[in-house]
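Reproduced below: query-v5.txt, with compact mmCIF, C-alpha atoms.
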```txt
# COMPACT_ATOMS: atom_id res chain seq x y z
CA MET N 1 37.46 -3.91 201.30
CA PRO N 2 40.71 -5.81 201.87
CA GLU N 3 41.85 -6.74 205.37
CA ASN N 4 45.62 -6.22 205.74
CA ASN N 5 48.49 -5.32 208.08
CA LEU N 6 49.86 -2.41 206.06
CA LYS N 7 49.49 0.68 208.22
CA ASN N 8 49.94 3.59 205.82
CA GLU N 9 47.16 4.43 203.39
CA TYR N 10 47.37 7.00 200.60
CA LYS N 11 43.97 7.90 199.16
CA PHE N 12 43.28 9.98 196.06
CA GLU N 13 40.89 10.45 193.14
CA ALA N 14 41.91 9.52 189.60
CA ILE N 15 40.20 8.65 186.30
CA GLY N 16 36.85 9.43 187.87
CA THR N 17 37.04 7.09 190.85
CA GLY N 18 38.62 6.61 194.27
CA TRP N 19 41.99 4.93 194.80
CA SER N 20 44.04 3.83 197.78
CA ILE N 21 47.58 2.53 198.16
CA ASP N 22 48.49 0.71 201.37
CA THR N 23 52.18 0.39 202.27
CA LYS N 24 54.34 -0.28 205.34
CA ASP N 25 55.91 3.17 205.21
CA PRO N 26 54.34 6.42 204.00
CA LEU N 27 54.84 7.24 200.34
CA THR N 28 57.23 10.12 199.77
CA ASP N 29 56.19 13.22 197.88
CA VAL N 30 58.56 12.20 195.09
CA VAL N 31 56.82 8.85 194.66
CA LYS N 32 53.39 10.44 194.82
CA SER N 33 54.37 12.94 192.14
CA ARG N 34 55.69 10.17 189.91
CA LEU N 35 52.45 8.21 190.32
CA HIS N 36 50.22 11.15 189.47
CA LYS N 37 52.25 12.14 186.41
CA ARG N 38 51.96 8.59 185.12
CA ILE N 39 48.22 8.44 185.83
CA GLU N 40 47.73 11.74 183.98
CA LEU N 41 49.57 10.35 180.94
CA PHE N 42 47.42 7.23 180.99
CA ASP N 43 44.22 9.26 181.27
CA LYS N 44 45.25 11.65 178.50
CA THR N 45 45.80 8.68 176.24
CA TYR N 46 42.86 6.37 176.93
CA SER N 47 40.03 8.40 178.46
CA ARG N 48 36.94 8.90 176.31
CA PHE N 49 35.61 11.30 178.96
CA ARG N 50 38.08 14.15 178.33
CA ARG N 51 38.27 16.22 175.16
CA ASP N 52 42.09 16.40 175.00
CA SER N 53 42.79 12.64 175.03
CA LEU N 54 44.14 10.61 172.13
CA VAL N 55 40.97 8.51 172.20
CA ALA N 56 38.88 11.69 171.92
CA SER N 57 40.94 12.73 168.88
CA ILE N 58 40.10 9.44 167.19
CA ALA N 59 36.42 9.89 168.02
CA SER N 60 36.33 13.39 166.52
CA SER N 61 38.35 12.66 163.37
CA THR N 62 35.79 13.02 160.58
CA TYR N 63 37.74 11.05 157.99
CA GLY N 64 39.83 8.92 160.32
CA GLY N 65 43.60 8.87 160.25
CA GLN N 66 46.68 7.24 161.68
CA PHE N 67 47.12 7.46 165.45
CA THR N 68 50.19 6.41 167.44
CA PHE N 69 49.64 5.14 170.97
CA PRO N 70 52.47 4.82 173.50
CA ASP N 71 54.27 1.50 173.70
CA ASP N 72 52.33 0.63 176.86
CA SER N 73 49.30 0.09 174.62
CA LEU N 74 50.68 -3.22 173.37
CA PRO N 75 49.77 -5.42 176.40
CA LEU N 76 46.34 -3.78 176.58
CA PHE N 77 45.50 -4.11 172.89
CA ASP N 78 47.01 -7.60 172.66
CA LEU N 79 44.72 -8.74 175.46
CA TYR N 80 41.73 -7.19 173.69
CA ASP N 81 42.69 -9.09 170.53
CA MET N 82 42.64 -12.37 172.45
CA LEU N 83 39.42 -11.66 174.35
CA HIS N 84 37.69 -10.47 171.19
CA LYS N 85 38.55 -13.78 169.55
CA LEU N 86 37.64 -15.98 172.54
CA THR N 87 34.26 -14.26 172.99
CA ASP N 88 33.42 -14.18 169.27
CA GLY N 89 33.51 -10.39 169.28
CA ARG N 90 31.46 -9.81 172.41
CA VAL N 91 34.38 -8.07 174.16
CA ASP N 92 35.18 -5.18 171.82
CA PRO N 93 36.83 -1.78 172.56
CA LEU N 94 34.75 -0.15 169.82
CA ILE N 95 31.61 -0.60 171.93
CA GLY N 96 32.27 2.94 173.13
CA ALA N 97 30.05 4.36 170.38
CA GLU N 98 27.06 2.35 171.61
CA LEU N 99 27.75 3.26 175.24
CA LYS N 100 27.64 6.94 174.25
CA LEU N 101 24.36 6.49 172.37
CA LEU N 102 22.82 4.81 175.42
CA GLY N 103 23.75 7.79 177.59
CA TYR N 104 27.02 6.65 179.14
CA ASP N 105 28.82 9.60 177.57
CA SER N 106 31.37 12.18 178.71
CA GLN N 107 28.62 14.19 180.42
CA TYR N 108 27.04 11.08 181.98
CA SER N 109 23.78 12.31 180.49
CA LEU N 110 22.08 8.89 180.75
CA GLN N 111 19.89 10.06 177.86
CA THR N 112 19.37 7.43 175.17
CA ASP N 113 19.66 8.09 171.45
CA PRO N 114 17.15 6.25 169.23
CA SER N 115 19.94 5.42 166.75
CA ALA N 116 21.57 3.04 169.26
CA ALA N 117 21.74 -0.61 168.27
CA TYR N 118 19.72 -1.36 171.40
CA PHE N 119 16.70 0.11 169.59
CA ASN N 120 17.69 -1.14 166.13
CA PRO N 121 18.26 -4.91 166.03
CA ASP N 122 19.45 -4.81 162.41
CA LYS N 123 22.10 -2.15 163.01
CA GLN N 124 25.66 -3.19 162.19
CA VAL N 125 27.82 -2.64 165.29
CA LEU N 126 31.47 -1.64 164.83
CA ASP N 127 34.04 -4.41 165.11
CA TRP N 128 37.58 -4.25 166.54
CA THR N 129 39.09 -6.53 163.91
CA SER N 130 37.42 -5.16 160.79
CA ASP N 131 36.82 -1.44 161.42
CA ILE N 132 40.37 -0.52 162.42
CA ASN N 133 43.83 -1.51 161.28
CA ARG N 134 46.33 -2.00 164.10
CA GLN N 135 50.03 -2.41 163.56
CA GLU N 136 51.57 -2.73 167.02
CA SER N 137 50.87 0.66 168.67
CA ILE N 138 49.61 2.40 165.51
CA ILE N 139 45.87 2.42 164.80
CA THR N 140 44.52 3.50 161.42
CA THR N 141 40.85 4.41 160.94
CA ASP N 142 38.68 5.70 158.10
CA ARG N 143 35.95 7.37 160.18
CA PRO N 144 35.29 8.61 163.74
CA LEU N 145 35.53 5.68 166.17
CA THR N 146 35.07 5.67 169.93
CA ILE N 147 37.51 3.37 171.69
CA ASP N 148 36.52 2.34 175.22
CA VAL N 149 39.10 0.37 177.22
CA GLY N 150 36.87 0.12 180.29
CA ALA N 151 36.83 -3.68 180.16
CA ALA N 152 40.51 -3.86 181.14
CA GLY N 153 41.94 -0.34 181.38
CA LYS N 154 41.54 0.30 185.10
CA GLY N 155 43.13 -3.02 185.90
CA TYR N 156 46.03 -2.12 183.63
CA LEU N 157 46.50 1.18 185.48
CA VAL N 158 46.61 -0.78 188.75
CA ASP N 159 49.50 -2.77 187.26
CA ILE N 160 51.27 0.37 186.05
CA ILE N 161 51.05 1.88 189.54
CA SER N 162 52.26 -1.39 191.04
CA GLU N 163 55.31 -1.45 188.77
CA ILE N 164 56.22 2.09 189.79
CA LEU N 165 56.09 1.05 193.46
CA ILE N 166 58.33 -1.93 192.74
CA ASP N 167 60.74 0.35 190.85
CA GLU N 168 60.83 2.54 193.96
CA SER N 169 61.79 -0.54 196.05
CA ILE N 170 58.35 -0.77 197.64
CA THR N 171 57.68 -4.50 197.67
CA ASP N 172 54.79 -4.74 200.17
CA TYR N 173 51.69 -2.95 198.99
CA ILE N 174 48.03 -3.08 198.08
CA VAL N 175 46.83 -0.97 195.17
CA ASP N 176 43.04 -0.64 195.18
CA GLY N 177 41.38 1.14 192.26
CA SER N 178 37.79 0.99 193.49
CA GLY N 179 37.74 -2.79 193.65
CA ASP N 180 40.45 -3.59 191.13
CA ILE N 181 43.12 -4.76 193.55
CA ARG N 182 46.71 -5.95 193.30
CA ASN N 183 48.69 -7.19 196.29
CA ALA N 184 52.40 -7.88 196.75
CA GLY N 185 54.42 -8.84 199.78
CA ASP N 186 54.65 -11.40 202.56
CA SER N 187 51.11 -11.22 203.92
CA ASP N 188 47.86 -12.66 202.64
CA ILE N 189 44.89 -10.32 202.46
CA ILE N 190 41.22 -11.20 202.64
CA ILE N 191 38.88 -9.63 200.09
CA GLY N 192 35.11 -9.55 200.51
CA LEU N 193 32.98 -10.28 197.44
CA GLU N 194 30.21 -7.69 197.38
CA HIS N 195 26.69 -9.01 196.95
CA PRO N 196 25.52 -7.94 193.47
CA THR N 197 22.13 -6.72 194.69
CA ASN N 198 22.99 -5.50 198.21
CA ARG N 199 26.17 -3.48 198.74
CA GLU N 200 25.89 -3.94 202.50
CA MET N 201 26.51 -7.69 202.19
CA VAL N 202 29.17 -10.02 200.82
CA ILE N 203 28.61 -13.42 199.23
CA GLY N 204 32.02 -14.71 200.25
CA THR N 205 35.71 -13.96 200.71
CA VAL N 206 38.88 -14.76 198.82
CA LEU N 207 42.48 -15.05 200.03
CA LEU N 208 44.86 -12.98 197.93
CA LYS N 209 48.66 -13.08 197.95
CA ASN N 210 50.89 -11.64 195.22
CA GLN N 211 47.94 -11.61 192.86
CA ALA N 212 45.25 -9.34 191.55
CA ILE N 213 41.47 -9.49 191.77
CA CYS N 214 39.01 -7.52 189.66
CA ALA N 215 35.24 -7.47 189.73
CA SER N 216 32.52 -6.36 187.38
CA ALA N 217 28.81 -6.04 188.06
CA THR N 218 25.80 -4.74 186.18
CA ASN N 219 24.53 -2.85 189.25
CA ARG N 220 27.47 -0.44 189.38
CA ARG N 221 26.58 1.69 186.34
CA LYS N 222 22.89 1.17 185.78
CA TRP N 223 20.17 3.51 184.59
CA GLY N 224 16.64 3.55 183.13
CA ASN N 225 14.96 0.63 181.38
CA GLY N 226 17.47 -1.93 182.59
CA LEU N 227 20.45 -0.32 180.86
CA HIS N 228 23.98 -0.82 182.20
CA HIS N 229 27.57 -0.54 181.05
CA VAL N 230 28.30 -4.18 180.11
CA LEU N 231 27.32 -4.38 176.45
CA ASP N 232 27.62 -7.24 174.02
CA GLY N 233 30.08 -6.06 171.37
CA ARG N 234 28.20 -7.90 168.62
CA THR N 235 24.74 -6.48 169.33
CA GLY N 236 25.20 -3.40 171.52
CA HIS N 237 22.72 -4.84 174.02
CA PRO N 238 23.30 -5.02 177.79
CA VAL N 239 24.01 -8.57 178.98
CA GLN N 240 21.23 -10.25 180.94
CA ASP N 241 22.27 -13.72 182.13
CA VAL N 242 25.28 -12.79 184.31
CA ILE N 243 25.11 -9.97 186.85
CA ALA N 244 28.50 -10.14 188.62
CA THR N 245 31.95 -11.62 188.12
CA TRP N 246 35.28 -11.80 189.93
CA ALA N 247 38.56 -12.95 188.39
CA ILE N 248 41.84 -13.59 190.22
CA ALA N 249 45.02 -13.64 188.14
CA GLU N 250 48.69 -12.72 188.21
CA THR N 251 48.06 -9.21 186.91
CA ALA N 252 45.18 -6.78 187.28
CA LEU N 253 45.12 -6.23 183.51
CA LEU N 254 44.35 -9.90 182.97
CA ALA N 255 41.94 -10.12 185.92
CA ASP N 256 40.02 -7.06 184.73
CA GLY N 257 39.74 -8.30 181.16
CA LEU N 258 38.64 -11.76 182.26
CA ALA N 259 36.05 -10.34 184.67
CA THR N 260 34.43 -8.73 181.63
CA ALA N 261 34.84 -11.74 179.35
CA LEU N 262 33.07 -13.95 181.91
CA PHE N 263 29.82 -12.14 181.14
CA PHE N 264 29.92 -13.73 177.69
CA VAL N 265 31.75 -17.07 177.84
CA SER N 266 32.47 -19.77 180.41
CA ALA N 267 35.52 -19.88 182.62
CA GLU N 268 36.39 -23.23 181.02
CA LYS N 269 36.72 -21.64 177.59
CA LEU N 270 38.89 -18.82 178.92
CA LYS N 271 41.06 -21.31 180.81
CA GLU N 272 42.16 -22.69 177.46
CA GLN N 273 44.34 -19.58 177.16
CA PHE N 274 44.70 -18.10 180.64
CA HIS N 275 45.51 -19.18 184.20
CA PHE N 276 43.06 -17.69 186.71
CA SER N 277 40.26 -18.46 189.16
CA SER N 278 36.83 -16.91 189.17
CA VAL N 279 33.33 -16.55 190.58
CA MET N 280 30.24 -15.78 188.51
CA VAL N 281 26.75 -14.83 189.71
CA PHE N 282 23.83 -15.30 187.34
CA SER N 283 20.58 -13.35 187.21
CA ASP N 284 18.74 -16.18 188.98
CA MET N 285 21.40 -15.93 191.76
CA ARG N 286 23.11 -19.17 190.82
CA VAL N 287 26.82 -19.06 191.57
CA GLU N 288 29.51 -20.71 189.48
CA VAL N 289 33.05 -21.01 190.87
CA THR N 290 36.21 -22.53 189.44
CA ASP N 291 37.82 -25.47 191.25
CA ASN N 292 40.98 -23.49 192.01
CA PHE N 293 39.16 -20.62 193.75
CA ASP N 294 40.98 -19.97 197.06
CA GLY N 295 38.15 -18.62 199.14
CA THR N 296 34.84 -19.21 200.87
CA LEU N 297 31.34 -18.64 199.51
CA PHE N 298 28.34 -18.05 201.76
CA THR N 299 25.82 -19.02 199.10
CA LYS N 300 25.29 -21.90 196.69
```
Could you quickly redo this structure as structure tokens?
Amino acid sequence: MPENNLKNEYKFEAIGTGWSIDTKDPLTDVVKSRLHKRIELFDKTYSRFRRDSLVASIASSTYGGQFTFPDDSLPLFDLYDMLHKLTDGRVDPLIGAELKLLGYDSQYSLQTDPSAAYFNPDKQVLDWTSDINRQESIITTDRPLTIDVGAAGKGYLVDIISEILIDESITDYIVDGSGDIRNAGDSDIIIGLEHPTNREMVIGTVLLKNQAICASATNRRKWGNGLHHVLDGRTGHPVQDVIATWAIAETALLADGLATALFFVSAEKLKEQFHFSSVMVFSDMRVEVTDNFDGTLFTK
């Protein structure tokens, strides 16, 4: 949880998780209404957990088709293009099909399907660059495909909410989407880094000012036989070596995407294209931190 001096907190549920917005003055009903309308539009476009979304239409289209996303898809899909390339396909929005087969479906059944790549090492997993055709915001498919933007989508929604606040002349705020956080204003805030195996502890803190921080951990969505939600886009298998990541960047979209990419490639490789700082925790509890990390760690 962030420590801050903003006295007014607005809490709500959206896209299946808890949110809070801290500001100096209470949000007006007009601003709240604008935020929720925008969140609903985002969810109706990108959610694979609701039947009436654009993503659900793509997943249920027997012979594929041409699907037009809103213009706001461009930053999101452009980032996926870059991360897909930098991770050699390990970050891939089409991993949604394998997540469903492993039980992370719209009903949260947590029941595995034997056709999942996890049980079939020779299965060809879908690929973002070869199994769709994207021209800007238009995606063309030739079969049902399940797009999952969970690697960066929540961070992007944090940014969208932040931009609405700025447009409403609210310049001091903290938007917290269950750990995906963006801060703006005059004051620093201190963020605790949750211990990946004990939610009652932190492994350190980071100082945040006019930046965003996003975290990802394999313990957050975990079920039987060591399954969790961070899958390798090339194999469909849950990652094993890294168990938690944090990325701090200018936007929450970038921080969220990088927090996922860090499960697959080093911070040094990602720094060839992006400016950020990060912390990684490995399965043997080793910790790797970038030199520009502005915080304190309580472990080595």
Give me, as CSV, the closest atom pair and its distance (Å, one decimal) for every residue of range 77-114 of chain N within a cut-off of 10 Å of range 123-126 of chain N, counting only C-alpha atoms, rows sorted by chain and rising number.
```
residue,atom,partner,partner_atom,distance
N:Asp92,CA,N:Leu126,CA,8.7
N:Pro93,CA,N:Leu126,CA,9.4
N:Leu94,CA,N:Leu126,CA,6.2
N:Ile95,CA,N:Leu126,CA,7.2
N:Gly96,CA,N:Leu126,CA,9.5
N:Ala97,CA,N:Leu126,CA,8.3
N:Glu98,CA,N:Val125,CA,8.1
```
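Excluding range 71-81 of chain N itself and any same-chain residue fewer than 5 positions from it, the protein and nucleic acid residues within 8 Å of it, counting all atoms listed in the file, are Val91, Asp92, Pro93, Thr129, Glu136, Ser137, Ala152, Gly153, Tyr156, Leu253, Leu254 and Gly257 of chain N.
The space separating CA of Glu288 in chain N from CA of Leu231 in chain N comes to 21.0 Å.
Straight-line separation from CA of Ala259 in chain N to CA of Thr45 in chain N: 23.0 Å.
Taking all atoms listed in the file into account, Arg286 in chain N lies nearest to N:Val242 out of the set N:Leu270, N:Ala249, N:Leu83, N:Val242.
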Expressed in Å, the length from CA of Ala215 in chain N to CA of Gly179 in chain N is 6.6 Å
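Nearest to Val31 in chain N of all the residues N:Glu194, N:Ser53, N:Ser162, N:Gln66 is N:Ser162, counting only C-alpha atoms.
Restricting the calculation to only C-alpha atoms, the smallest distance between Asn120 in chain N and any of N:Ile161, N:Ser33, N:Ile58, N:Gly236 is found for N:Gly236.
In terms of minimum interatomic distance to Glu9 in chain N, N:Val175 ranks closest within N:Asp142, N:Val175, N:Leu86, N:Tyr46, counting all atoms listed in the file.
Taking all atoms listed in the file into account, Pro144 in chain N lies nearest to N:Ala59 out of the set N:His237, N:Arg182, N:Ala59, N:Asp131.
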Of N:Ala117, N:Ile15, N:Val206, N:Ala151, the one nearest to Phe263 in chain N when counting all atoms listed in the file is N:Ala151
Requested in this report: Identify, on the basis of only C-alpha atoms, every residue whose closest approach to Ile181 in chain N does not exceed 10 Å; exclude the query and any residue fewer than 6 positions from it along the same chain; express the result as a list in words.
Outcome: Met1, Pro2, Trp19, Ser20, Ile21, Lys154, Gly155, Val158, Asp159, Ile174, Val175, Ile191, Leu208, Gln211, Ala212, Ile213, Cys214, Ala215, Ile248, Thr251, Ala252, Ala255 and Asp256 of chain N
List as a PyMOL selection string the protein and nucleic acid residues near range 195-199 of chain N, meaning an atom at most 12 Å away when all atoms listed in the file are counted, but skip any in the same chain fewer than 2 places from it. chain N and resi 1+192-193+201-205+215-220+222+242-246+279-287+297-299
task: For Lys209 in chain N, work out the shell of residues within 10 Å, counting only C-alpha atoms and skipping chain neighbours fewer than 6 positions away, then give it as number ranges by chain.
output: N: 182-190, 250
